[in-house]
>>> print(open('input.csv').read())   # CSV, C-alpha atoms and all ligand atoms
chain,number,residue,atom,x,y,z
A,14,MET,CA,-27.7,15.1,-4.8
A,15,LYS,CA,-28.3,11.8,-6.4
A,16,PRO,CA,-27.8,8.6,-4.4
A,17,TYR,CA,-24.9,6.4,-5.6
A,18,THR,CA,-25.8,3.7,-8.2
A,19,ALA,CA,-23.9,0.6,-7.2
A,20,GLY,CA,-23.1,-2.3,-9.4
A,21,GLU,CA,-25.9,-4.8,-9.3
A,22,ARG,CA,-25.6,-7.8,-7.0
A,23,ARG,CA,-28.1,-10.6,-7.5
A,24,GLN,CA,-28.4,-13.8,-5.5
A,25,GLY,CA,-26.8,-16.7,-7.3
A,26,ALA,CA,-25.4,-14.5,-10.1
A,27,ILE,CA,-21.8,-13.9,-11.0
A,28,LYS,CA,-21.0,-10.3,-10.2
A,29,LEU,CA,-19.1,-8.5,-13.0
A,30,SER,CA,-20.6,-5.2,-12.2
A,31,SER,CA,-18.2,-3.5,-9.7
A,32,ASN,CA,-14.6,-4.4,-10.9
A,33,GLU,CA,-13.7,-6.5,-7.9
A,34,ASN,CA,-11.0,-9.1,-7.9
A,35,PRO,CA,-12.5,-12.4,-9.1
A,36,ARG,CA,-9.8,-14.4,-7.2
A,37,GLY,CA,-10.8,-12.9,-3.8
A,38,CYS,CA,-8.0,-11.7,-1.6
A,39,SER,CA,-4.6,-13.4,-0.9
A,40,PRO,CA,-4.5,-16.3,1.6
A,41,GLU,CA,-2.1,-14.2,3.6
A,42,ALA,CA,-4.7,-11.4,3.9
A,43,ALA,CA,-7.4,-13.9,4.8
A,44,ALA,CA,-5.2,-15.3,7.6
A,45,ALA,CA,-4.6,-11.8,8.9
A,46,ILE,CA,-8.3,-11.1,9.0
A,47,ARG,CA,-8.9,-14.3,11.0
A,48,GLU,CA,-6.1,-13.4,13.4
A,49,SER,CA,-7.5,-9.9,13.8
A,50,ILE,CA,-10.8,-11.2,15.2
A,51,ALA,CA,-9.1,-11.5,18.6
A,52,GLU,CA,-8.7,-7.7,18.6
A,53,VAL,CA,-12.1,-6.5,17.5
A,54,HIS,CA,-13.1,-5.3,21.0
A,55,ILE,CA,-10.1,-2.8,20.9
A,56,TYR,CA,-10.2,0.4,18.8
A,57,PRO,CA,-8.0,0.3,15.8
A,58,ASP,CA,-4.6,2.1,15.7
A,59,GLY,CA,-6.0,5.5,14.6
A,60,ALA,CA,-2.6,6.5,13.2
A,61,ALA,CA,-2.3,3.2,11.3
A,62,ARG,CA,1.4,3.2,12.0
A,63,ALA,CA,2.2,-0.3,10.8
A,64,LEU,CA,0.2,0.1,7.6
A,65,LYS,CA,1.8,3.4,6.9
A,66,THR,CA,5.2,2.0,7.4
A,67,ALA,CA,4.4,-0.8,4.9
A,68,LEU,CA,3.0,1.6,2.4
A,69,ALA,CA,5.9,4.0,2.8
A,70,ASP,CA,8.3,1.1,2.0
A,71,THR,CA,6.2,0.0,-0.9
A,72,HIS,CA,6.1,3.4,-2.6
A,73,GLY,CA,9.4,4.9,-1.5
A,74,VAL,CA,7.8,7.8,0.4
A,75,THR,CA,7.7,8.8,4.1
A,76,GLN,CA,4.8,8.0,6.4
A,77,ASP,CA,3.9,11.6,6.7
A,78,GLN,CA,3.1,11.6,3.0
A,79,ILE,CA,0.3,9.1,3.4
A,80,VAL,CA,-3.3,9.6,4.5
A,81,LEU,CA,-5.6,6.5,5.0
A,82,GLY,CA,-9.3,6.4,4.2
A,83,ASN,CA,-12.2,4.1,4.7
A,84,GLY,CA,-11.8,3.3,1.1
A,85,SER,CA,-10.3,5.9,-1.3
A,86,ASP,CA,-13.9,7.2,-1.5
A,87,GLU,CA,-13.4,8.6,2.0
A,88,VAL,CA,-10.1,10.3,1.0
A,89,MET,CA,-12.0,12.1,-1.8
A,90,THR,CA,-14.5,13.4,0.7
A,91,MET,CA,-11.7,14.4,3.1
A,92,ILE,CA,-10.0,16.3,0.3
A,93,ALA,CA,-13.2,18.2,-0.5
A,94,ALA,CA,-13.7,18.9,3.2
A,95,THR,CA,-10.2,20.2,3.6
A,96,TYR,CA,-10.0,22.5,0.6
A,97,LEU,CA,-13.4,23.4,-0.8
A,98,ASN,CA,-15.3,26.5,0.2
A,99,PRO,CA,-19.0,26.8,-0.7
A,100,GLY,CA,-19.4,28.1,-4.3
A,101,GLU,CA,-15.9,27.1,-5.4
A,102,SER,CA,-15.5,24.9,-8.5
A,103,VAL,CA,-14.4,21.3,-8.9
A,104,LEU,CA,-13.5,20.0,-12.3
A,105,VAL,CA,-14.5,16.4,-13.0
A,106,GLY,CA,-14.6,14.4,-16.3
A,107,GLU,CA,-17.9,14.1,-18.1
A,108,HIS,CA,-17.6,10.3,-18.1
A,109,THR,CA,-15.9,9.3,-14.9
A,110,PHE,CA,-16.4,7.9,-11.4
A,111,SER,CA,-19.2,9.6,-9.6
A,112,GLN,CA,-17.7,10.1,-6.2
A,113,TYR,CA,-15.7,13.2,-7.2
A,114,ALA,CA,-18.8,15.1,-7.9
A,115,PHE,CA,-20.4,13.6,-4.7
A,116,ALA,CA,-17.5,14.8,-2.6
A,117,ALA,CA,-17.7,18.3,-4.2
A,118,ARG,CA,-21.5,18.7,-3.7
A,119,LEU,CA,-21.2,17.5,-0.1
A,120,PHE,CA,-19.3,20.7,0.6
A,121,ASP,CA,-21.4,23.0,-1.6
A,122,GLY,CA,-18.9,23.0,-4.4
A,123,VAL,CA,-19.9,23.7,-8.0
A,124,VAL,CA,-19.2,20.7,-10.2
A,125,ARG,CA,-18.1,21.6,-13.7
A,126,HIS,CA,-17.8,18.7,-16.1
A,127,VAL,CA,-14.9,18.6,-18.5
A,128,PRO,CA,-16.1,17.5,-22.0
A,129,MET,CA,-14.7,14.1,-23.1
A,130,PRO,CA,-15.9,13.8,-26.7
A,131,ASP,CA,-13.3,11.1,-27.4
A,132,LEU,CA,-13.7,9.7,-23.9
A,133,THR,CA,-10.2,10.9,-22.8
A,134,PHE,CA,-9.0,13.5,-20.3
A,135,ASP,CA,-7.6,16.1,-22.7
A,136,PRO,CA,-5.4,18.9,-21.4
A,137,VAL,CA,-6.7,21.0,-24.3
A,138,ARG,CA,-10.2,20.8,-22.8
A,139,ILE,CA,-9.3,20.9,-19.2
A,140,LEU,CA,-6.9,23.9,-19.1
A,141,PRO,CA,-9.2,26.6,-20.5
A,142,MET,CA,-11.8,25.7,-17.8
A,143,ILE,CA,-9.4,26.6,-15.0
A,144,ASP,CA,-10.3,30.0,-13.6
A,145,ARG,CA,-10.0,31.7,-10.2
A,146,THR,CA,-13.0,29.7,-8.8
A,147,VAL,CA,-11.4,26.3,-9.4
A,148,ARG,CA,-10.0,24.6,-6.3
A,149,LEU,CA,-9.9,20.9,-7.3
A,150,LEU,CA,-9.3,18.9,-10.5
A,151,PHE,CA,-10.1,15.2,-10.3
A,152,LEU,CA,-8.4,12.9,-12.8
A,153,CYS,CA,-9.0,9.2,-13.0
A,154,THR,CA,-6.4,7.0,-14.7
A,155,PRO,CA,-7.0,4.3,-15.8
A,156,ASN,CA,-10.5,5.9,-16.0
A,157,ASN,CA,-13.6,4.3,-14.7
A,158,PRO,CA,-15.6,3.5,-16.9
A,159,THR,CA,-13.5,3.7,-20.0
A,160,GLY,CA,-10.4,1.9,-18.9
A,161,LEU,CA,-8.3,4.5,-20.8
A,162,SER,CA,-5.2,6.0,-19.2
A,163,ILE,CA,-3.8,9.5,-19.2
A,164,SER,CA,-0.4,9.6,-20.8
A,165,ARG,CA,2.7,10.8,-19.0
A,166,ALA,CA,3.0,13.7,-21.5
A,167,ASP,CA,-0.5,14.8,-20.8
A,168,LEU,CA,-0.2,14.6,-17.0
A,169,GLU,CA,3.1,16.4,-17.2
A,170,ARG,CA,1.5,19.2,-19.2
A,171,LEU,CA,-1.4,19.5,-16.8
A,172,LEU,CA,0.9,19.6,-13.8
A,173,ARG,CA,3.1,22.3,-15.5
A,174,GLU,CA,0.2,24.5,-16.5
A,175,VAL,CA,-2.4,24.1,-13.7
A,176,PRO,CA,-1.9,26.9,-11.2
A,177,ARG,CA,-0.4,25.7,-7.9
A,178,ASP,CA,-3.5,26.8,-5.9
A,179,VAL,CA,-5.5,24.2,-7.7
A,180,LEU,CA,-5.2,20.7,-6.2
A,181,VAL,CA,-4.8,18.0,-8.8
A,182,VAL,CA,-6.2,14.6,-7.5
A,183,VAL,CA,-5.2,11.6,-9.6
A,184,ASP,CA,-7.2,8.5,-8.8
A,185,HIS,CA,-5.2,5.4,-9.6
A,186,ALA,CA,-7.6,2.8,-8.3
A,187,TYR,CA,-6.8,0.5,-11.3
A,188,ILE,CA,-3.1,1.2,-11.8
A,189,ASP,CA,-2.1,-2.3,-10.8
A,190,TYR,CA,-3.6,-3.5,-14.0
A,191,GLN,CA,-2.0,-0.9,-16.2
A,192,GLU,CA,0.2,-2.2,-19.0
A,193,ASP,CA,0.9,0.8,-21.3
A,194,PRO,CA,4.4,2.1,-20.7
A,195,GLN,CA,3.2,5.6,-22.0
A,196,ALA,CA,0.6,5.8,-19.2
A,197,CYS,CA,1.3,8.0,-16.2
A,198,ASP,CA,1.9,7.2,-12.6
A,199,ALA,CA,1.3,10.3,-10.5
A,200,LEU,CA,3.7,9.1,-7.8
A,201,GLU,CA,6.6,10.1,-9.9
A,202,TYR,CA,5.6,13.7,-9.6
A,203,ILE,CA,4.7,14.0,-5.9
A,204,ALA,CA,8.1,15.4,-4.9
A,205,GLN,CA,8.0,18.1,-7.5
A,206,TYR,CA,4.3,19.2,-7.2
A,207,PRO,CA,3.0,20.2,-3.8
A,208,ASN,CA,-0.5,20.5,-5.4
A,209,LEU,CA,-0.7,16.8,-6.4
A,210,VAL,CA,-2.4,14.0,-4.6
A,211,ALA,CA,-2.4,10.3,-5.8
A,212,LEU,CA,-5.1,8.0,-4.7
A,213,ARG,CA,-4.9,4.2,-4.4
A,214,THR,CA,-7.0,1.5,-3.0
A,215,PHE,CA,-6.9,-2.1,-1.7
A,216,SER,CA,-10.4,-2.7,-3.2
A,217,LYS,CA,-9.3,-3.8,-6.6
A,218,ALA,CA,-6.1,-5.8,-7.3
A,219,HIS,CA,-5.7,-6.6,-3.6
A,220,GLY,CA,-9.2,-8.0,-3.4
A,221,LEU,CA,-10.2,-6.3,-0.2
A,222,ALA,CA,-13.1,-4.1,-1.3
A,223,ALA,CA,-15.3,-5.1,1.7
A,224,LEU,CA,-12.7,-4.0,4.2
A,225,ARG,CA,-12.6,-0.4,2.9
A,226,VAL,CA,-9.0,0.6,2.8
A,227,GLY,CA,-7.7,3.3,0.5
A,228,TYR,CA,-5.1,6.0,0.7
A,229,GLY,CA,-3.7,9.2,-0.6
A,230,ILE,CA,-0.1,10.1,-1.2
A,231,ALA,CA,1.1,13.7,-1.4
A,232,GLY,CA,3.6,16.1,0.0
A,233,SER,CA,3.7,16.0,3.8
A,234,GLU,CA,2.2,19.5,4.1
A,235,ARG,CA,-0.9,18.5,2.1
A,236,ILE,CA,-1.2,15.3,4.1
A,237,ARG,CA,-1.1,17.3,7.4
A,238,GLU,CA,-3.9,19.5,6.2
A,239,ILE,CA,-6.1,16.5,5.1
A,240,GLU,CA,-5.4,14.6,8.3
A,241,ARG,CA,-7.2,17.4,10.3
A,242,VAL,CA,-10.6,16.3,8.9
A,243,ARG,CA,-10.0,12.5,9.3
A,244,SER,CA,-12.2,10.8,11.8
A,245,PRO,CA,-10.0,9.1,14.5
A,246,PHE,CA,-10.6,5.4,13.8
A,247,ASN,CA,-11.6,5.5,10.1
A,248,VAL,CA,-9.8,2.3,9.0
A,249,SER,CA,-10.6,-0.9,10.9
A,250,THR,CA,-8.1,-3.2,12.5
A,251,LEU,CA,-9.2,-6.0,10.1
A,252,GLY,CA,-8.6,-3.6,7.2
A,253,GLN,CA,-5.2,-2.4,8.4
A,254,ASN,CA,-3.9,-5.9,9.1
A,255,ALA,CA,-5.2,-7.4,5.9
A,256,ALA,CA,-3.7,-4.6,3.9
A,257,ILE,CA,-0.3,-5.1,5.5
A,258,ALA,CA,-0.4,-8.9,4.8
A,259,SER,CA,-1.5,-8.2,1.2
A,260,LEU,CA,1.4,-5.8,0.6
A,261,GLU,CA,3.8,-8.5,1.9
A,262,ALA,CA,2.2,-11.1,-0.4
A,263,SER,CA,3.2,-9.1,-3.4
A,264,ALA,CA,2.9,-12.2,-5.8
A,265,PHE,CA,-0.9,-12.1,-5.4
A,266,VAL,CA,-1.3,-8.7,-7.0
A,267,ARG,CA,1.1,-9.7,-9.8
A,268,GLU,CA,-0.8,-13.0,-10.4
A,269,SER,CA,-4.1,-11.1,-10.3
A,270,SER,CA,-2.9,-8.7,-13.0
A,271,GLU,CA,-1.6,-11.6,-15.1
A,272,LEU,CA,-5.0,-13.4,-14.8
A,273,ASN,CA,-6.6,-10.1,-15.8
A,274,ARG,CA,-4.3,-9.7,-18.8
A,275,ALA,CA,-5.2,-13.2,-20.1
A,276,GLY,CA,-8.9,-12.6,-19.4
A,277,LYS,CA,-8.8,-9.3,-21.2
A,278,GLN,CA,-7.3,-10.8,-24.3
A,279,ARG,CA,-9.9,-13.5,-24.3
A,280,MET,CA,-12.8,-11.1,-23.8
A,281,MET,CA,-11.5,-8.8,-26.5
A,282,GLU,CA,-11.3,-11.7,-28.9
A,283,LEU,CA,-14.9,-12.7,-28.0
A,284,PHE,CA,-16.1,-9.1,-28.6
A,285,ARG,CA,-14.3,-9.0,-32.0
A,286,SER,CA,-15.9,-12.3,-33.0
A,287,LEU,CA,-19.3,-10.9,-32.1
A,288,GLU,CA,-18.5,-7.5,-33.8
A,289,ILE,CA,-19.0,-5.7,-30.5
A,290,GLU,CA,-17.1,-2.4,-30.2
A,291,PHE,CA,-14.9,-2.0,-27.1
A,292,LEU,CA,-12.4,0.5,-25.7
A,293,PRO,CA,-8.7,-0.5,-25.2
A,294,SER,CA,-8.8,-0.9,-21.4
A,295,GLN,CA,-5.8,-0.6,-19.1
A,296,ALA,CA,-8.0,-1.8,-16.2
A,297,ASN,CA,-9.8,-4.9,-14.9
A,298,PHE,CA,-12.9,-4.3,-17.0
A,299,LEU,CA,-13.9,-3.7,-20.6
A,300,THR,CA,-16.5,-1.2,-21.8
A,301,ILE,CA,-18.5,-2.2,-24.8
A,302,ARG,CA,-21.0,-0.5,-27.0
A,303,VAL,CA,-24.4,-2.2,-27.4
A,304,THR,CA,-27.1,-1.7,-29.9
A,305,GLY,CA,-30.1,-0.2,-28.1
A,306,GLU,CA,-30.5,0.6,-24.5
A,307,ALA,CA,-27.6,-0.5,-22.2
A,308,GLN,CA,-30.0,-1.1,-19.2
A,309,GLU,CA,-32.1,-3.5,-21.3
A,310,PHE,CA,-29.0,-5.3,-22.5
A,311,ALA,CA,-27.7,-5.6,-19.0
A,312,ARG,CA,-31.0,-7.0,-17.8
A,313,GLU,CA,-30.8,-9.7,-20.5
A,314,ILE,CA,-27.2,-10.6,-19.4
A,315,ALA,CA,-28.4,-10.7,-15.8
A,316,SER,CA,-31.3,-13.0,-16.6
A,317,ARG,CA,-28.5,-15.4,-17.7
A,318,GLY,CA,-26.8,-15.2,-14.4
A,319,ILE,CA,-24.2,-12.4,-14.8
A,320,THR,CA,-24.6,-8.9,-13.5
A,321,VAL,CA,-22.8,-6.1,-15.4
A,322,ARG,CA,-22.9,-2.3,-15.3
A,323,PRO,CA,-24.9,-0.3,-17.8
A,324,LEU,CA,-23.3,3.1,-18.0
A,325,ASN,CA,-26.4,5.4,-18.1
A,326,SER,CA,-25.3,7.0,-14.8
A,327,PHE,CA,-21.9,7.8,-16.4
A,328,GLY,CA,-23.6,9.6,-19.3
A,329,LEU,CA,-23.0,6.7,-21.7
A,330,PRO,CA,-26.5,5.2,-22.3
A,331,ASP,CA,-25.3,2.8,-25.0
A,332,GLN,CA,-22.4,1.3,-23.2
A,333,ILE,CA,-21.9,-1.4,-20.7
A,334,ARG,CA,-18.9,-2.0,-18.4
A,335,ILE,CA,-18.0,-5.7,-17.7
A,336,THR,CA,-15.4,-6.7,-15.1
A,337,ILE,CA,-12.8,-9.2,-16.4
A,338,GLY,CA,-13.6,-12.5,-14.7
A,339,THR,CA,-12.0,-15.8,-14.1
A,340,PRO,CA,-11.8,-18.2,-17.1
A,341,GLU,CA,-14.9,-20.0,-15.9
A,342,GLN,CA,-16.8,-16.7,-15.6
A,343,ILE,CA,-15.7,-15.7,-19.1
A,344,ASP,CA,-17.1,-19.0,-20.4
A,345,LEU,CA,-20.5,-18.1,-18.9
A,346,LEU,CA,-20.3,-14.6,-20.3
A,347,GLU,CA,-19.4,-16.0,-23.7
A,348,ASN,CA,-22.5,-18.3,-23.6
A,349,ALA,CA,-24.8,-15.5,-22.5
A,350,LEU,CA,-23.5,-13.1,-25.2
A,351,ARG,CA,-23.7,-15.7,-27.9
A,352,ARG,CA,-27.3,-16.6,-27.0
A,353,ILE,CA,-28.3,-12.9,-26.9
A,354,LEU,CA,-26.6,-11.9,-30.1
A,355,THR,CA,-26.6,-14.9,-32.4
B,1,LIG,C1,-12.0,5.0,-10.1
B,1,LIG,C2,-12.4,4.5,-8.7
B,1,LIG,N1,-11.9,5.1,-7.7
B,1,LIG,C3,-12.2,4.7,-6.4
B,1,LIG,C4,-13.1,3.6,-6.2
B,1,LIG,C5,-13.5,3.2,-4.9
B,1,LIG,O1,-12.4,2.8,-4.2
B,1,LIG,P1,-12.6,2.4,-2.7
B,1,LIG,O2,-13.2,1.0,-2.6
B,1,LIG,O3,-11.1,2.4,-2.2
B,1,LIG,O4,-13.4,3.4,-2.0
B,1,LIG,C6,-13.6,3.0,-7.3
B,1,LIG,C7,-14.6,1.9,-7.1
B,1,LIG,O5,-15.2,1.4,-8.0
B,1,LIG,C8,-13.3,3.5,-8.6
B,1,LIG,O6,-13.8,2.9,-9.7
>>> encode(input="input.csv", output="structure tokens", more="lines below")
Ligand SMILES: Cc1ncc(COP(=O)(O)O)c(C=O)c1O
Amino acid sequence: MKPYTAGERRQGAIKLSSNENPRGCSPEAAAAIRESIAEVHIYPDGAARALKTALADTHGVTQDQIVLGNGSDEVMTMIAATYLNPGESVLVGEHTFSQYAFAARLFDGVVRHVPMPDLTFDPVRILPMIDRTVRLLFLCTPNNPTGLSISRADLERLLREVPRDVLVVVDHAYIDYQEDPQACDALEYIAQYPNLVALRTFSKAHGLAALRVGYGIAGSERIREIERVRSPFNVSTLGQNAAIASLEASAFVRESSELNRAGKQRMMELFRSLEIEFLPSQANFLTIRVTGEAQEFAREIASRGITVRPLNSFGLPDQIRITIGTPEQIDLLENALRRILT
């Protein structure tokens, strides 16, 4: 197993390497964190009842349809722990988030990569790979690192045609930024498909990455099964209370995605003016193609005070993923790119 390659953090540099929220978290979440300090000597509510109530209201599901994780990363691991027997197969995209393969390998699963020649999850490529050994299919939409979304039509086709004994896990870490009306939201299909789990996180649009709060939504039977492998106090009191406050402060996520939309427009115009190729992202980052080695290019940008993510470990050695920053951060990025390229 290869250790996880994290986005670079560098003292004094702007971090556009891990798709965090450049605004931070909401003032309401920050206040909840401060208030929670009084409770840190007491174990968290292991059942996270208040947070599950808030999430159930937000998503129109019942509390027994929600499992919480120490980040959605942990929910991925719990899913593999629950369903995977050694030697069974897990389908993951060729260019996608690495934690699906990590979770599979942790339980001696066989990782099979679905080819993504045009960088999309294509049912035509996924469906023929499903055989009796496949237990899990991980989809990511909008996908990290491309920012591309799976369409409703493609998800519907997959759900119709994938056998019911294969669990389809749809990771929606970036869905709060999604704008395309054709793009899918797996929550719409949870009631219909007992083999579907949707994953969400407070790490991106809610700006709570350091507190590690993510969750899965599925039919109550699946959730009961996954809950069996959850460690008792996996989400901290600070995390639970901040997440509740953040759900209540719903304007913050809306404003964050508006800031993201404006920043994305600006960054796309910048890339066009510099003749840099980019993918039409539905997320809070843009992936660009560079001439030469991505790692070298990323080092050059970092030397000008901005860390970004070269995509070698995603199998895209000529591409770089850049988080959409604040207007001031984009100014600095623009300066750095103009100096490097012109
Ligand atoms: C697609 C995707 N899913 C999940 C995560 C991790 O989320 P969490 O912080 O909830 O573990 C990330 C983090 O970058 C991601 O890109």
>>> atom_distance(input="input.csv", atom1="atom O1 of ligand LIG 1 (chain B)", atom2="CA of Glu101 in chain A")
24.6 Å
>>> closest_residue(input="input.csv", among="A:Ser326, A:Thr154, A:Thr18, A:Ser233", to="ligand LIG 1 (chain B)", atoms="only C-alpha atoms and all ligand atoms")
A:Thr154
>>> residues_near_ligand(input="input.csv", ligand="ligand LIG 1 (chain B)", cutoff="10 Å", atoms="all atoms listed in the file", output="number ranges by chain")
A: 19-20, 30-33, 81-89, 109-113, 152-158, 160, 183-188, 212-217, 220-228, 296
>>> closest_residue(input="input.csv", among="A:Glu52, A:Glu313, A:Glu290, A:Glu192", to="Asp331 in chain A", atoms="only C-alpha atoms")
A:Glu290
>>> residues_around(input="input.csv", residues="Ala44 in chain A", least_positions_apart="5", cutoff="12 Å", atoms="all atoms listed in the file", output="list in words")
Cys38, Ser39, Ser49, Ile50, Leu251, Asn254, Ala255, Ala256, Ile257, Ala258, Ser259 and Ala262 of chain A
>>> residues_around(input="input.csv", residues="range 272-274 of chain A", least_positions_apart="6", cutoff="10 Å", atoms="all atoms listed in the file", output="PDB file with C-alpha atoms, keeping the file's coordinate frame")
ATOM      1  CA  ASN A  34     -11.000  -9.100  -7.900  1.00  0.00           C
ATOM      2  CA  PRO A  35     -12.500 -12.400  -9.100  1.00  0.00           C
ATOM      3  CA  ARG A  36      -9.800 -14.400  -7.200  1.00  0.00           C
ATOM      4  CA  TYR A 190      -3.600  -3.500 -14.000  1.00  0.00           C
ATOM      5  CA  GLN A 191      -2.000  -0.900 -16.200  1.00  0.00           C
ATOM      6  CA  GLU A 192       0.200  -2.200 -19.000  1.00  0.00           C
ATOM      7  CA  ALA A 218      -6.100  -5.800  -7.300  1.00  0.00           C
ATOM      8  CA  VAL A 266      -1.300  -8.700  -7.000  1.00  0.00           C
ATOM      9  CA  MET A 280     -12.800 -11.100 -23.800  1.00  0.00           C
ATOM     10  CA  GLN A 295      -5.800  -0.600 -19.100  1.00  0.00           C
ATOM     11  CA  ALA A 296      -8.000  -1.800 -16.200  1.00  0.00           C
ATOM     12  CA  ASN A 297      -9.800  -4.900 -14.900  1.00  0.00           C
ATOM     13  CA  PHE A 298     -12.900  -4.300 -17.000  1.00  0.00           C
ATOM     14  CA  THR A 336     -15.400  -6.700 -15.100  1.00  0.00           C
ATOM     15  CA  ILE A 337     -12.800  -9.200 -16.400  1.00  0.00           C
ATOM     16  CA  GLY A 338     -13.600 -12.500 -14.700  1.00  0.00           C
ATOM     17  CA  THR A 339     -12.000 -15.800 -14.100  1.00  0.00           C
ATOM     18  CA  PRO A 340     -11.800 -18.200 -17.100  1.00  0.00           C
TER      19      PRO A 340
END
>>> decode(input="input.csv", residues="range 314-337 of chain A", atoms="C-alpha atoms", output="PDB file, in the first residue's frame")
ATOM      1  CA  ILE A 314       4.236  28.054  -8.458  1.00  0.00           C
ATOM      2  CA  ALA A 315       5.105  27.087  -4.858  1.00  0.00           C
ATOM      3  CA  SER A 316       8.331  29.077  -5.050  1.00  0.00           C
ATOM      4  CA  ARG A 317       6.054  32.090  -5.670  1.00  0.00           C
ATOM      5  CA  GLY A 318       4.060  31.416  -2.509  1.00  0.00           C
ATOM      6  CA  ILE A 319       1.143  29.217  -3.660  1.00  0.00           C
ATOM      7  CA  THR A 320       0.939  25.460  -3.216  1.00  0.00           C
ATOM      8  CA  VAL A 321      -1.098  23.499  -5.777  1.00  0.00           C
ATOM      9  CA  ARG A 322      -1.543  19.785  -6.482  1.00  0.00           C
ATOM     10  CA  PRO A 323       0.395  18.075  -9.283  1.00  0.00           C
ATOM     11  CA  LEU A 324      -1.670  15.083 -10.370  1.00  0.00           C
ATOM     12  CA  ASN A 325       1.049  12.454 -10.811  1.00  0.00           C
ATOM     13  CA  SER A 326      -0.462  10.297  -8.076  1.00  0.00           C
ATOM     14  CA  PHE A 327      -3.837  10.467  -9.904  1.00  0.00           C
ATOM     15  CA  GLY A 328      -2.249   9.110 -13.076  1.00  0.00           C
ATOM     16  CA  LEU A 329      -2.225  12.524 -14.785  1.00  0.00           C
ATOM     17  CA  PRO A 330       1.443  13.557 -14.841  1.00  0.00           C
ATOM     18  CA  ASP A 331       0.864  16.621 -17.048  1.00  0.00           C
ATOM     19  CA  GLN A 332      -1.994  18.114 -15.032  1.00  0.00           C
ATOM     20  CA  ILE A 333      -2.280  20.285 -11.957  1.00  0.00           C
ATOM     21  CA  ARG A 334      -5.299  20.819  -9.719  1.00  0.00           C
ATOM     22  CA  ILE A 335      -5.745  24.308  -8.271  1.00  0.00           C
ATOM     23  CA  THR A 336      -8.310  25.154  -5.593  1.00  0.00           C
ATOM     24  CA  ILE A 337     -10.438  28.205  -6.388  1.00  0.00           C
TER      25      ILE A 337
END
